[in-house]
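Taking it in order: structure first as structure tokens, then the write-up.
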Amino acid sequence: ALVSMRELLDHAAEHHYGIPAFNVNNLEQVQAVMAAADEVGAPVILQASAGARKYAGESFIKHLIQAAVEAWPHIPVAMHQDHGQSPAVCESAIRLGFTSVMMDGSLHEDGKTPASYAYNVEVTRRVVEMAHRVGVTVEGELGCLGSLETGLAGEEDGIGAAGKLDHSALLTDPEEAARFVQETQLDALAIAIGTSHGAYKFTRPPTGDVLAIDRVKAIHARIPNTHLVMHGSSSVPQELLARINQYGGRMKETYGVPVPEIQEAIKHGVRKINIDTDIRLAMTAAVRQFLHENPDKFDAREWLKPAREAAKQVCKQRYLEFGCEGMG
Ligand code: G3H
Ligand code: 13P
Ligand code: NA
Ligand code: ZN
């Protein structure tokens with residue numbers, strides 16, 4: 001059944017686990033997330049970015065998720081708008097049937113330029129007022145995602161789009177977080193601790209100076225009743241990079257967020273862990289390998305099937321690692 005995200009996060013807090021929130025754009029990804037959750041009895045957060053809504057189209061995103069709920073009626077599913085860039089985007093998501101929205105006021109509407117604290121409070125509070133009237137959950141973000149190594153926001157090509165970010169903007173301040181929660185009344189807070197979106201997060205396996213799990217602890221100690229969210233939390237498995245490159249890909253050396261670090265963060269208030277890149281890598285590795293080994297095949301279903309299966313395996317692994325087994 002479709003549920004509010006607040007419900008899922010409250011349960012996760014009560015039972016000390018974290019829920020991976022997987023980005024979905026198409027049929028196979030939705031099926032992969034749902035099938036994985038079904039196998040382990042996990043609750044589901046399906047999230048769609050603005051890019052996903054544009055890629056699939058509004059009706060397809062809406063009905064893909066509704067189809068998931070219809071096909072797996074026993075699984076609780078929250079339908080979440082990822083990185084809403086304005087109150088208008090969040091409003092349209094709510095009209096479309098989303099049960100949760102992220103108002104990302106850490107950046108301006110261009111999704112690149114860091115915004116002021118006052119702007120962030122203003123837009124987030126507006127979305128909370130609108131969303132809570134209809135039982136929809138709100139996630140906000142304080143601090144900008146970006147690499148503590150380079151100051152860059154992180155992109156698929158390894159070059160940040162926003163230009164260099166100030167070091168202090170890259171780490172959420174616990175005191176400011178407490179004020180932000182108080183002033184906006186949001187349900188969940190995304191924090192900046194040195195992670196960034198995409199495959200190119202760290203140039204070497206991350207240590208505490210570039211992945212600030214200590215900051216999670218400090219924020220949680222200050223606002224223990226607020227559900228924390230980690231973005232940019234793909235682990236970027238080396239095995240997937242190796243397989244992509246073995247079968248014709250050309251990805252550079254890179255490292256993601258190690259699962260043990262996420263598990264540590266879950267002990268300190270992190271309840272939602274955003275994952276997109278790991279699914280992308282898994283599907284790409286599977287398709288590259290399949291087409292390399294089966295150069296005569298041309299039925300799209302034949303190469304989408306291993307891609308869907310690979311995505312399912314990643315999802316299932318994260319559900320188990322984050323403690324979701326039997327919680328759905
Ligand atoms: O916010 C980043 C997520 O990975 C979504 O990516 O905007 O390419 O759909 P996207
Ligand atoms: P990754 O790129 O690490 O998968 O992060 C996804 C994300 O944060 C979506 O909001
Ligand atoms: Na989000
Ligand atoms: Zn994100």
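Residue numbering restarts at 1 for every chain of the structure tokens, chains are lettered A, B, ... in their displayed order, and ligands are numbered from 1 as they appear.
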Skipping near chain neighbours, those fewer than 4 positions away, what residues fall within 9 Å of segment 193-210 of chain A using only C-alpha atoms, listed as a count of residues only? 39
Strand (DSSP E) call set, DSSP backbone run, segment 149-326 of chain A, as a PyMOL selection string: chain A and resi 188-191+227-230+270-275
Keeping only C-alpha atoms, write the selected residues to a file as a compact mmCIF listing (two decimals), in the first residue's frame.
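For reference, out-v2.txt as written:
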```txt
# COMPACT_ATOMS: atom_id res chain seq x y z
CA ALA A 188 13.55 14.59 7.68
CA LEU A 189 16.81 16.46 7.23
CA ALA A 190 19.40 15.75 4.55
CA ILE A 191 22.85 16.68 5.79
CA HIS A 227 15.28 11.69 10.97
CA LEU A 228 18.56 12.24 9.11
CA VAL A 229 19.06 11.57 5.41
CA MET A 230 22.31 10.74 3.62
CA VAL A 270 20.34 8.24 9.67
CA ARG A 271 17.05 6.68 8.51
CA LYS A 272 17.04 7.28 4.74
CA ILE A 273 20.00 6.50 2.49
CA ASN A 274 19.80 7.71 -1.10
CA ILE A 275 21.14 5.37 -3.76
```
Which residues come within 12 Å of Gln317 of chain A, counting only C-alpha atoms, excluding same-chain residues fewer than 2 positions away, as a PyMOL selection string? chain A and resi 19-20+33+36-37+39-40+42+235+237+259+278-279+310-315+319-325
Hey, could you make a per-residue contact list for chain A against ligand 3 with 6 Å as the cut-off, showing the nearest pair of atoms and its distance in Å to one decimal, counting only C-alpha atoms and all ligand atoms, sorted by chain and number, as JSON lines?
```
{"residue": "A:Asp82", "atom": "CA", "partner": "ligand 3", "partner_atom_place_in_ligand_line": "1 (Na)", "distance": 3.7}
{"residue": "A:His83", "atom": "CA", "partner": "ligand 3", "partner_atom_place_in_ligand_line": "1 (Na)", "distance": 5.3}
{"residue": "A:Met102", "atom": "CA", "partner": "ligand 3", "partner_atom_place_in_ligand_line": "1 (Na)", "distance": 5.2}
```
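Around segment 283-290 of chain A, within 7 Å and counting only C-alpha atoms, the residues found are Leu240, Arg243, Ile244, Tyr247, Trp303, Pro306, Ala307, Arg308, Ala310 and Ala311 of chain A, once anything fewer than 5 positions away on its own chain is removed.
Taking only C-alpha atoms and all ligand atoms into account, ligand 2 lies nearest to A:Leu46 out of the set A:Ile219, A:Val127, A:Ala1, A:Leu46.
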Tell me, as a list in words, which residues lie within 10 Å of Lys267 of chain A, counting only C-alpha atoms; anything in the same chain fewer than 4 positions away does not count. Ala13, His16, Tyr17, Gly18, Val216, Lys217, His220, Ile262, Gln263 and Arg271 of chain A
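Comparing the minimum interatomic distances between ligand 2 and each of A:Arg280, A:Arg125, A:Arg6, A:Lys305, counting only C-alpha atoms and all ligand atoms, we find that A:Arg280 sits nearest.
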Mind listing the alpha helix (DSSP H) residues of segment 136-312 of chain A, per DSSP on the backbone, as a PyMOL selection string? chain A and resi 174-184+213-222+238-246+259-266+277-293+300-312
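Taking only C-alpha atoms and all ligand atoms into account, ligand 2 lies nearest to A:Ala192 out of the set A:Ala192, A:Met130, A:His15, A:Ser59.
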One residue among A:Asn245, A:Met103, A:Val128, A:Lys316 is nearest to His292 of chain A when using only C-alpha atoms, and that residue is A:Asn245
The residue from A:Gln47, A:Ser4, A:Thr124, A:Asn25 with the smallest atom-to-atom distance to ligand 2, counting only C-alpha atoms and all ligand atoms, is A:Gln47
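In this comparison, which uses only C-alpha atoms, the residue of A:Ser92, A:Ile213, A:Asp38, A:Lys164 approaching Ile266 of chain A most closely is A:Ile213.
Coordinates place atom CA of Tyr55 of chain A at a distance of 18.2 Å from atom CA of Ala32 of chain A.
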Neighbouring residues of Ala118 of chain A were defined as those with any atom within 12 Å, considering only C-alpha atoms; residues of the same chain fewer than 4 positions away were excluded. Please report them as a PyMOL selection string. chain A and resi 105-108+114+122-125+142+176+179-180+183-184
Can you tell me, as a ChimeraX atom specification, what residues are no more than 10 Å from Ile75 of chain A when counting only C-alpha atoms, ignoring any on the same chain fewer than 5 positions away? /A:1-3,34,37-38,41-44,68-70,327-328
